[in-house]
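**Student:** For reference, the file coords.tsv (TSV, C-alpha atoms) is included below:
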chain	number	residue	atom	x	y	z
T	1	MET	CA	-106.26	280.45	-118.46
T	2	LEU	CA	-102.69	279.70	-117.32
T	3	LYS	CA	-103.67	276.17	-116.36
T	4	ASP	CA	-105.15	275.47	-119.81
T	5	ARG	CA	-102.07	276.88	-121.55
T	6	VAL	CA	-99.70	274.83	-119.37
T	7	ALA	CA	-101.80	271.69	-119.86
T	8	SER	CA	-101.56	272.13	-123.62
T	9	LEU	CA	-97.78	272.67	-123.53
T	10	LEU	CA	-97.38	269.70	-121.21
T	11	GLU	CA	-99.41	267.49	-123.53
T	12	GLU	CA	-97.22	268.51	-126.49
T	13	ALA	CA	-94.00	267.83	-124.55
T	14	LEU	CA	-95.18	264.38	-123.43
T	15	GLU	CA	-96.37	263.60	-126.95
T	16	ALA	CA	-92.82	264.28	-128.19
T	17	ASP	CA	-91.38	261.68	-125.78
T	18	LYS	CA	-93.72	258.68	-125.56
T	19	SER	CA	-91.65	257.03	-122.79
T	20	LEU	CA	-92.69	259.75	-120.31
T	21	PHE	CA	-96.15	260.08	-118.80
T	22	LEU	CA	-97.96	262.42	-116.44
T	23	ILE	CA	-98.65	261.46	-112.83
T	24	ASP	CA	-99.88	264.76	-111.43
T	25	PHE	CA	-100.28	268.36	-112.53
T	26	SER	CA	-101.53	271.37	-110.59
T	27	VAL	CA	-101.54	275.14	-110.69
T	28	ALA	CA	-102.03	276.89	-107.35
T	29	LEU	CA	-103.70	280.26	-106.85
T	30	ASP	CA	-100.28	281.96	-106.71
T	31	ASN	CA	-99.47	280.51	-110.19
T	32	SER	CA	-97.02	277.95	-108.84
T	33	ILE	CA	-97.08	275.11	-111.35
T	34	LYS	CA	-96.20	271.59	-110.19
T	35	VAL	CA	-95.74	268.73	-112.64
T	36	VAL	CA	-94.94	265.15	-111.59
T	37	ILE	CA	-93.86	262.76	-114.35
T	38	ASP	CA	-92.74	259.15	-114.62
T	39	GLY	CA	-91.22	257.15	-117.41
T	40	ASP	CA	-91.13	253.60	-118.70
T	41	GLN	CA	-87.35	253.56	-118.11
T	42	GLY	CA	-87.42	255.95	-115.17
T	43	VAL	CA	-86.97	259.72	-115.25
T	44	SER	CA	-83.63	261.48	-115.56
T	45	LEU	CA	-82.73	265.05	-114.72
T	46	LYS	CA	-82.58	265.72	-118.48
T	47	ASP	CA	-86.18	264.50	-118.83
T	48	CYS	CA	-87.35	266.93	-116.12
T	49	MET	CA	-85.37	269.76	-117.75
T	50	LYS	CA	-86.85	268.96	-121.17
T	51	ILE	CA	-90.43	269.12	-119.86
T	52	SER	CA	-89.66	272.24	-117.84
T	53	ARG	CA	-88.18	274.05	-120.83
T	54	ALA	CA	-91.07	273.01	-123.08
T	55	ILE	CA	-93.42	274.77	-120.68
T	56	GLU	CA	-91.31	277.70	-119.48
T	57	HIS	CA	-90.00	278.79	-122.89
T	58	ASN	CA	-93.55	279.07	-124.22
T	59	LEU	CA	-94.96	281.21	-121.41
T	60	ASP	CA	-94.43	284.94	-121.01
T	61	ARG	CA	-93.52	286.09	-117.49
T	62	GLU	CA	-94.40	289.65	-118.50
T	63	GLU	CA	-97.95	288.50	-119.15
T	64	GLU	CA	-98.32	286.38	-116.01
T	65	ASP	CA	-95.72	285.59	-113.35
T	66	PHE	CA	-95.36	281.95	-112.32
T	67	SER	CA	-93.07	279.41	-110.69
T	68	LEU	CA	-92.53	275.98	-112.21
T	69	GLU	CA	-91.46	272.71	-110.61
T	70	VAL	CA	-91.08	269.50	-112.65
T	71	THR	CA	-90.22	266.37	-110.66
T	72	SER	CA	-90.22	262.61	-111.00
T	73	ALA	CA	-92.67	260.47	-109.08
T	74	GLY	CA	-89.97	259.27	-106.68
T	75	ALA	CA	-89.10	255.79	-105.49
T	76	ALA	CA	-91.32	255.90	-102.40
T	77	SER	CA	-94.36	257.43	-104.09
T	78	PRO	CA	-97.47	255.30	-104.38
T	79	MET	CA	-98.25	254.00	-107.86
T	80	VAL	CA	-101.36	255.53	-109.40
T	81	LEU	CA	-101.37	254.38	-113.05
T	82	PRO	CA	-101.38	250.87	-114.55
T	83	ARG	CA	-98.37	251.90	-116.67
T	84	GLN	CA	-96.31	252.29	-113.47
T	85	TYR	CA	-96.95	248.68	-112.49
T	86	ALA	CA	-95.69	247.43	-115.87
T	87	LYS	CA	-92.35	249.18	-115.39
T	88	ASN	CA	-91.95	247.62	-111.93
T	89	VAL	CA	-92.45	243.95	-112.85
T	90	GLY	CA	-89.85	241.95	-110.93
T	91	ARG	CA	-89.75	244.31	-107.96
T	92	LYS	CA	-91.16	243.75	-104.49
T	93	LEU	CA	-94.37	245.66	-103.72
T	94	LYS	CA	-96.56	246.37	-100.73
T	95	VAL	CA	-100.16	246.44	-101.89
T	96	VAL	CA	-103.03	247.54	-99.66
T	97	THR	CA	-106.59	246.55	-100.60
T	98	GLU	CA	-109.85	247.12	-98.75
T	99	THR	CA	-109.49	243.82	-96.86
T	100	ASN	CA	-105.79	242.79	-96.95
T	101	THR	CA	-102.20	243.92	-97.20
T	102	PHE	CA	-99.86	241.92	-99.44
T	103	GLU	CA	-96.09	242.01	-99.80
T	104	GLY	CA	-94.65	240.12	-102.72
T	105	ASN	CA	-92.88	240.19	-106.05
T	106	LEU	CA	-94.80	241.75	-108.90
T	107	THR	CA	-94.58	238.97	-111.49
T	108	ALA	CA	-97.02	240.23	-114.11
T	109	THR	CA	-99.54	242.88	-115.05
T	110	THR	CA	-102.77	242.18	-116.86
T	111	GLU	CA	-105.32	244.40	-118.52
T	112	ASN	CA	-107.28	244.60	-115.27
T	113	GLY	CA	-104.71	244.14	-112.52
T	114	ILE	CA	-101.48	242.68	-111.20
T	115	VAL	CA	-100.10	239.32	-110.09
T	116	LEU	CA	-98.10	239.14	-106.84
T	117	GLU	CA	-96.11	236.09	-105.69
T	118	TRP	CA	-94.38	235.41	-102.37
T	119	LYS	CA	-93.28	232.56	-100.10
T	120	ALA	CA	-94.98	231.92	-96.76
T	121	ARG	CA	-94.48	229.53	-93.85
T	122	GLU	CA	-97.60	227.51	-93.04
T	123	PRO	CA	-98.32	224.61	-90.71
T	124	LYS	CA	-97.86	221.15	-92.24
T	125	PRO	CA	-101.12	219.48	-93.26
T	126	VAL	CA	-100.13	216.47	-91.14
T	127	GLY	CA	-97.82	216.50	-88.12
T	128	LYS	CA	-95.90	219.24	-86.40
T	129	GLY	CA	-93.79	221.97	-87.95
T	130	LYS	CA	-94.11	224.31	-90.88
T	131	ILE	CA	-93.44	224.15	-94.58
T	132	THR	CA	-92.65	226.91	-97.07
T	133	VAL	CA	-95.32	227.36	-99.72
T	134	GLN	CA	-95.48	229.58	-102.80
T	135	LYS	CA	-98.43	232.00	-102.72
T	136	LYS	CA	-99.92	233.87	-105.64
T	137	GLU	CA	-102.56	236.59	-105.68
T	138	GLU	CA	-104.23	238.34	-108.61
T	139	ILE	CA	-105.41	241.81	-107.62
T	140	ASP	CA	-107.61	244.07	-109.77
T	141	PHE	CA	-106.52	247.69	-110.17
T	142	SER	CA	-109.94	248.74	-108.85
T	143	ASP	CA	-109.27	246.86	-105.56
T	144	ILE	CA	-105.91	248.53	-104.88
T	145	LYS	CA	-106.07	251.36	-102.34
T	146	GLU	CA	-102.29	251.92	-102.32
T	147	ALA	CA	-99.24	250.22	-103.81
T	148	LYS	CA	-95.60	251.08	-103.24
T	149	VAL	CA	-92.30	249.58	-104.25
T	150	ILE	CA	-90.43	248.19	-101.24
T	151	ILE	CA	-86.92	249.56	-101.35
T	152	THR	CA	-84.25	247.29	-99.88
T	153	PHE	CA	-80.61	248.15	-99.32
Could you show the structure in this file as structure tokens?
**Tutor:**
Amino acid sequence: MLKDRVASLLEEALEADKSLFLIDFSVALDNSIKVVIDGDQGVSLKDCMKISRAIEHNLDREEEDFSLEVTSAGAASPMVLPRQYAKNVGRKLKVVTETNTFEGNLTATTENGIVLEWKAREPKPVGKGKITVQKKEEIDFSDIKEAKVIITF
């Protein structure tokens, strides 16, 4: 019952702010509620507080005790929704598929997948030495096992 009530409150809160979206939501047996959100322009502390208050202020601790944690997806978290790829266009990703691992710049998202581009050194077609070539790979969302933003300092 608590899970259904929290899911409803969460849906209302996210409906009020269309730039935020749900990544994960769970309620453990001890009534600890965990909500992970992301946003088209990132997630601020105020965004987490807004979602937390929308849930907490509409639940009665006298009726059922609970703990609530609302967090952002985090920079090193794997991407799970197509909407997350769209917000990361222009950033460098590491994408693992069933057969390959790619590292490149996310240049575009499509209805069905993503487009990665990177430079690679390959042997010259004729003669000795190597040349730098531009590579491009289109990867369907269904083929992606894991994708993370590569953070560089």
**Student:** Could you please determine the separation between atom CA of T:Asp143 and atom CA of T:Ile37 in Å, to one decimal place?
**Tutor:**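 Computed distance, atom CA of T:Asp143 to atom CA of T:Ile37, equals 23.8 Å.
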**Student:** Distance atom CA of T:Asn31-atom CA of T:Phe66, one decimal place?
**Tutor:** 4.8 Å
**Student:** In the coordinates of the file, take the point (-97.1, 276.6, -111.8) and a cut-off of 9 Å; then, counting all atoms listed in the file, name each qualifying protein, DNA or RNA residue as a PDB file with C-alpha atoms, in the frame of the given file.
**Tutor:**
ATOM      1  CA  LEU T   2    -102.690 279.700-117.320  1.00  0.00           C
ATOM      2  CA  LYS T   3    -103.670 276.170-116.360  1.00  0.00           C
ATOM      3  CA  VAL T   6     -99.700 274.830-119.370  1.00  0.00           C
ATOM      4  CA  PHE T  25    -100.280 268.360-112.530  1.00  0.00           C
ATOM      5  CA  SER T  26    -101.530 271.370-110.590  1.00  0.00           C
ATOM      6  CA  VAL T  27    -101.540 275.140-110.690  1.00  0.00           C
ATOM      7  CA  ALA T  28    -102.030 276.890-107.350  1.00  0.00           C
ATOM      8  CA  ASP T  30    -100.280 281.960-106.710  1.00  0.00           C
ATOM      9  CA  ASN T  31     -99.470 280.510-110.190  1.00  0.00           C
ATOM     10  CA  SER T  32     -97.020 277.950-108.840  1.00  0.00           C
ATOM     11  CA  ILE T  33     -97.080 275.110-111.350  1.00  0.00           C
ATOM     12  CA  LYS T  34     -96.200 271.590-110.190  1.00  0.00           C
ATOM     13  CA  VAL T  35     -95.740 268.730-112.640  1.00  0.00           C
ATOM     14  CA  PHE T  66     -95.360 281.950-112.320  1.00  0.00           C
ATOM     15  CA  SER T  67     -93.070 279.410-110.690  1.00  0.00           C
ATOM     16  CA  LEU T  68     -92.530 275.980-112.210  1.00  0.00           C
ATOM     17  CA  GLU T  69     -91.460 272.710-110.610  1.00  0.00           C
TER      18      GLU T  69
END
**Student:** Name the residues in contact with T:Ala120 at a cut-off of 10 Å, using only C-alpha atoms, excluding same-chain residues fewer than 6 positions from it; report them as a ChimeraX atom specification.
**Tutor:** /T:130-135
**Student:** Determine, counting only C-alpha atoms, which protein, DNA and RNA residues have an atom within 12 Å of an atom of T:Asp17; residues of the same chain fewer than 2 positions away are not included. Present the result as a compact mmCIF listing (two decimals) with C-alpha atoms, keeping the file's coordinate frame.
**Tutor:**
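The resulting result25.txt:
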# COMPACT_ATOMS: atom_id res chain seq x y z
CA LEU T 10 -97.38 269.70 -121.21
CA GLU T 11 -99.41 267.49 -123.53
CA GLU T 12 -97.22 268.51 -126.49
CA ALA T 13 -94.00 267.83 -124.55
CA LEU T 14 -95.18 264.38 -123.43
CA GLU T 15 -96.37 263.60 -126.95
CA SER T 19 -91.65 257.03 -122.79
CA LEU T 20 -92.69 259.75 -120.31
CA PHE T 21 -96.15 260.08 -118.80
CA LEU T 22 -97.96 262.42 -116.44
CA ILE T 37 -93.86 262.76 -114.35
CA ASP T 38 -92.74 259.15 -114.62
CA GLY T 39 -91.22 257.15 -117.41
CA ASP T 40 -91.13 253.60 -118.70
CA GLN T 41 -87.35 253.56 -118.11
CA VAL T 43 -86.97 259.72 -115.25
CA ASP T 47 -86.18 264.50 -118.83
CA CYS T 48 -87.35 266.93 -116.12
CA LYS T 50 -86.85 268.96 -121.17
CA ILE T 51 -90.43 269.12 -119.86
CA ALA T 54 -91.07 273.01 -123.08
**Student:** Starting from the point (-103.3, 244.6, -102.9), work out which residues of protein, DNA or RNA have an atom no more than 9 Å away when counting all atoms listed in the file; state them as a list in words.
**Tutor:** Lys94, Val95, Val96, Thr97, Glu98, Thr99, Asn100, Thr101, Phe102, Glu103, Ile114, Leu116, Glu137, Glu138, Ile139, Asp140, Phe141, Asp143, Ile144, Lys145, Glu146 and Ala147 of chain T
**Student:** Out of T:Ala73, T:Val149, T:Met1, T:Ala7, which residue has the shortest atom-to-atom distance to T:Lys92 when counting all atoms listed in the file?
**Tutor:**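 Closest to T:Lys92, using all atoms listed in the file: T:Val149.
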**Student:** Choose the residue, out of T:Val115, T:Ala76, T:Val70, T:Met49, that has the smallest atom-to-atom separation from T:Gly90; count all atoms listed in the file.
**Tutor:**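 Of T:Val115, T:Ala76, T:Val70, T:Met49, the one nearest T:Gly90, counting all atoms listed in the file, is T:Val115.
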**Student:** Restricting the calculation to all atoms listed in the file: of T:Leu29, T:Asp4, T:Ser72, T:Glu64, which residue gets closest to T:Ser44?
**Tutor:**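 That would be T:Ser72, the residue with the smallest distance to T:Ser44.
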**Student:** Rebuild N, CA and C atoms on stretch 55-86 of chain T, as a PDB file, in the frame of the given file?
**Tutor:**
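The resulting part-v2.pdb:
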ATOM      1  N   ILE T  55     -92.362 273.936-121.256  1.00  0.00           N
ATOM      2  CA  ILE T  55     -93.420 274.770-120.680  1.00  0.00           C
ATOM      3  C   ILE T  55     -92.925 276.216-120.518  1.00  0.00           C
ATOM      4  N   GLU T  56     -91.801 276.367-119.841  1.00  0.00           N
ATOM      5  CA  GLU T  56     -91.310 277.700-119.480  1.00  0.00           C
ATOM      6  C   GLU T  56     -90.987 278.572-120.684  1.00  0.00           C
ATOM      7  N   HIS T  57     -90.401 277.999-121.730  1.00  0.00           N
ATOM      8  CA  HIS T  57     -90.000 278.790-122.890  1.00  0.00           C
ATOM      9  C   HIS T  57     -91.199 279.250-123.734  1.00  0.00           C
ATOM     10  N   ASN T  58     -92.368 278.698-123.445  1.00  0.00           N
ATOM     11  CA  ASN T  58     -93.550 279.070-124.220  1.00  0.00           C
ATOM     12  C   ASN T  58     -94.548 279.899-123.409  1.00  0.00           C
ATOM     13  N   LEU T  59     -94.129 280.338-122.236  1.00  0.00           N
ATOM     14  CA  LEU T  59     -94.960 281.210-121.410  1.00  0.00           C
ATOM     15  C   LEU T  59     -94.230 282.545-121.241  1.00  0.00           C
ATOM     16  N   ASP T  60     -94.999 283.594-121.135  1.00  0.00           N
ATOM     17  CA  ASP T  60     -94.430 284.940-121.010  1.00  0.00           C
ATOM     18  C   ASP T  60     -94.593 285.424-119.567  1.00  0.00           C
ATOM     19  N   ARG T  61     -93.471 285.605-118.874  1.00  0.00           N
ATOM     20  CA  ARG T  61     -93.520 286.090-117.490  1.00  0.00           C
ATOM     21  C   ARG T  61     -94.017 287.529-117.404  1.00  0.00           C
ATOM     22  N   GLU T  62     -93.893 288.270-118.481  1.00  0.00           N
ATOM     23  CA  GLU T  62     -94.400 289.650-118.500  1.00  0.00           C
ATOM     24  C   GLU T  62     -95.933 289.640-118.468  1.00  0.00           C
ATOM     25  N   GLU T  63     -96.495 288.627-119.084  1.00  0.00           N
ATOM     26  CA  GLU T  63     -97.950 288.500-119.150  1.00  0.00           C
ATOM     27  C   GLU T  63     -98.512 288.007-117.812  1.00  0.00           C
ATOM     28  N   GLU T  64     -97.859 286.970-117.258  1.00  0.00           N
ATOM     29  CA  GLU T  64     -98.320 286.380-116.010  1.00  0.00           C
ATOM     30  C   GLU T  64     -97.134 285.723-115.308  1.00  0.00           C
ATOM     31  N   ASP T  65     -96.851 286.148-114.082  1.00  0.00           N
ATOM     32  CA  ASP T  65     -95.720 285.590-113.350  1.00  0.00           C
ATOM     33  C   ASP T  65     -96.094 284.211-112.809  1.00  0.00           C
ATOM     34  N   PHE T  66     -95.108 283.316-112.769  1.00  0.00           N
ATOM     35  CA  PHE T  66     -95.360 281.950-112.320  1.00  0.00           C
ATOM     36  C   PHE T  66     -94.072 281.333-111.796  1.00  0.00           C
ATOM     37  N   SER T  67     -94.218 280.251-111.051  1.00  0.00           N
ATOM     38  CA  SER T  67     -93.070 279.410-110.690  1.00  0.00           C
ATOM     39  C   SER T  67     -93.384 278.015-111.217  1.00  0.00           C
ATOM     40  N   LEU T  68     -92.340 277.292-111.592  1.00  0.00           N
ATOM     41  CA  LEU T  68     -92.530 275.980-112.210  1.00  0.00           C
ATOM     42  C   LEU T  68     -91.627 274.952-111.554  1.00  0.00           C
ATOM     43  N   GLU T  69     -92.207 273.823-111.193  1.00  0.00           N
ATOM     44  CA  GLU T  69     -91.460 272.710-110.610  1.00  0.00           C
ATOM     45  C   GLU T  69     -91.849 271.443-111.367  1.00  0.00           C
ATOM     46  N   VAL T  70     -90.854 270.773-111.959  1.00  0.00           N
ATOM     47  CA  VAL T  70     -91.080 269.500-112.650  1.00  0.00           C
ATOM     48  C   VAL T  70     -90.249 268.451-111.926  1.00  0.00           C
ATOM     49  N   THR T  71     -90.911 267.413-111.414  1.00  0.00           N
ATOM     50  CA  THR T  71     -90.220 266.370-110.660  1.00  0.00           C
ATOM     51  C   THR T  71     -90.629 264.993-111.148  1.00  0.00           C
ATOM     52  N   SER T  72     -89.844 263.998-110.721  1.00  0.00           N
ATOM     53  CA  SER T  72     -90.220 262.610-111.000  1.00  0.00           C
ATOM     54  C   SER T  72     -91.073 262.108-109.858  1.00  0.00           C
ATOM     55  N   ALA T  73     -91.751 261.002-110.082  1.00  0.00           N
ATOM     56  CA  ALA T  73     -92.670 260.470-109.080  1.00  0.00           C
ATOM     57  C   ALA T  73     -91.951 260.076-107.797  1.00  0.00           C
ATOM     58  N   GLY T  74     -90.715 259.637-107.881  1.00  0.00           N
ATOM     59  CA  GLY T  74     -89.970 259.270-106.680  1.00  0.00           C
ATOM     60  C   GLY T  74     -90.152 257.806-106.341  1.00  0.00           C
ATOM     61  N   ALA T  75     -89.114 257.229-105.781  1.00  0.00           N
ATOM     62  CA  ALA T  75     -89.100 255.790-105.490  1.00  0.00           C
ATOM     63  C   ALA T  75     -90.137 255.395-104.438  1.00  0.00           C
ATOM     64  N   ALA T  76     -90.404 256.252-103.483  1.00  0.00           N
ATOM     65  CA  ALA T  76     -91.320 255.900-102.400  1.00  0.00           C
ATOM     66  C   ALA T  76     -92.752 256.359-102.640  1.00  0.00           C
ATOM     67  N   SER T  77     -93.003 256.954-103.789  1.00  0.00           N
ATOM     68  CA  SER T  77     -94.360 257.430-104.090  1.00  0.00           C
ATOM     69  C   SER T  77     -95.272 256.257-104.431  1.00  0.00           C
ATOM     70  N   PRO T  78     -96.530 256.352-104.011  1.00  0.00           N
ATOM     71  CA  PRO T  78     -97.470 255.300-104.380  1.00  0.00           C
ATOM     72  C   PRO T  78     -97.714 255.293-105.896  1.00  0.00           C
ATOM     73  N   MET T  79     -97.949 254.114-106.434  1.00  0.00           N
ATOM     74  CA  MET T  79     -98.250 254.000-107.860  1.00  0.00           C
ATOM     75  C   MET T  79     -99.722 254.346-108.079  1.00  0.00           C
ATOM     76  N   VAL T  80     -99.987 255.097-109.142  1.00  0.00           N
ATOM     77  CA  VAL T  80    -101.360 255.530-109.400  1.00  0.00           C
ATOM     78  C   VAL T  80    -101.869 255.106-110.781  1.00  0.00           C
ATOM     79  N   LEU T  81    -100.969 254.762-111.696  1.00  0.00           N
ATOM     80  CA  LEU T  81    -101.370 254.380-113.050  1.00  0.00           C
ATOM     81  C   LEU T  81    -100.943 252.955-113.382  1.00  0.00           C
ATOM     82  N   PRO T  82    -101.759 252.229-114.138  1.00  0.00           N
ATOM     83  CA  PRO T  82    -101.380 250.870-114.550  1.00  0.00           C
ATOM     84  C   PRO T  82    -100.008 250.818-115.243  1.00  0.00           C
ATOM     85  N   ARG T  83     -99.658 251.860-115.958  1.00  0.00           N
ATOM     86  CA  ARG T  83     -98.370 251.900-116.670  1.00  0.00           C
ATOM     87  C   ARG T  83     -97.192 251.834-115.680  1.00  0.00           C
ATOM     88  N   GLN T  84     -97.373 252.342-114.468  1.00  0.00           N
ATOM     89  CA  GLN T  84     -96.310 252.290-113.470  1.00  0.00           C
ATOM     90  C   GLN T  84     -96.071 250.864-112.986  1.00  0.00           C
ATOM     91  N   TYR T  85     -97.119 250.061-112.923  1.00  0.00           N
ATOM     92  CA  TYR T  85     -96.950 248.680-112.490  1.00  0.00           C
ATOM     93  C   TYR T  85     -96.126 247.903-113.524  1.00  0.00           C
ATOM     94  N   ALA T  86     -96.409 248.134-114.800  1.00  0.00           N
ATOM     95  CA  ALA T  86     -95.690 247.430-115.870  1.00  0.00           C
ATOM     96  C   ALA T  86     -94.200 247.678-115.791  1.00  0.00           C
TER      97      ALA T  86
END
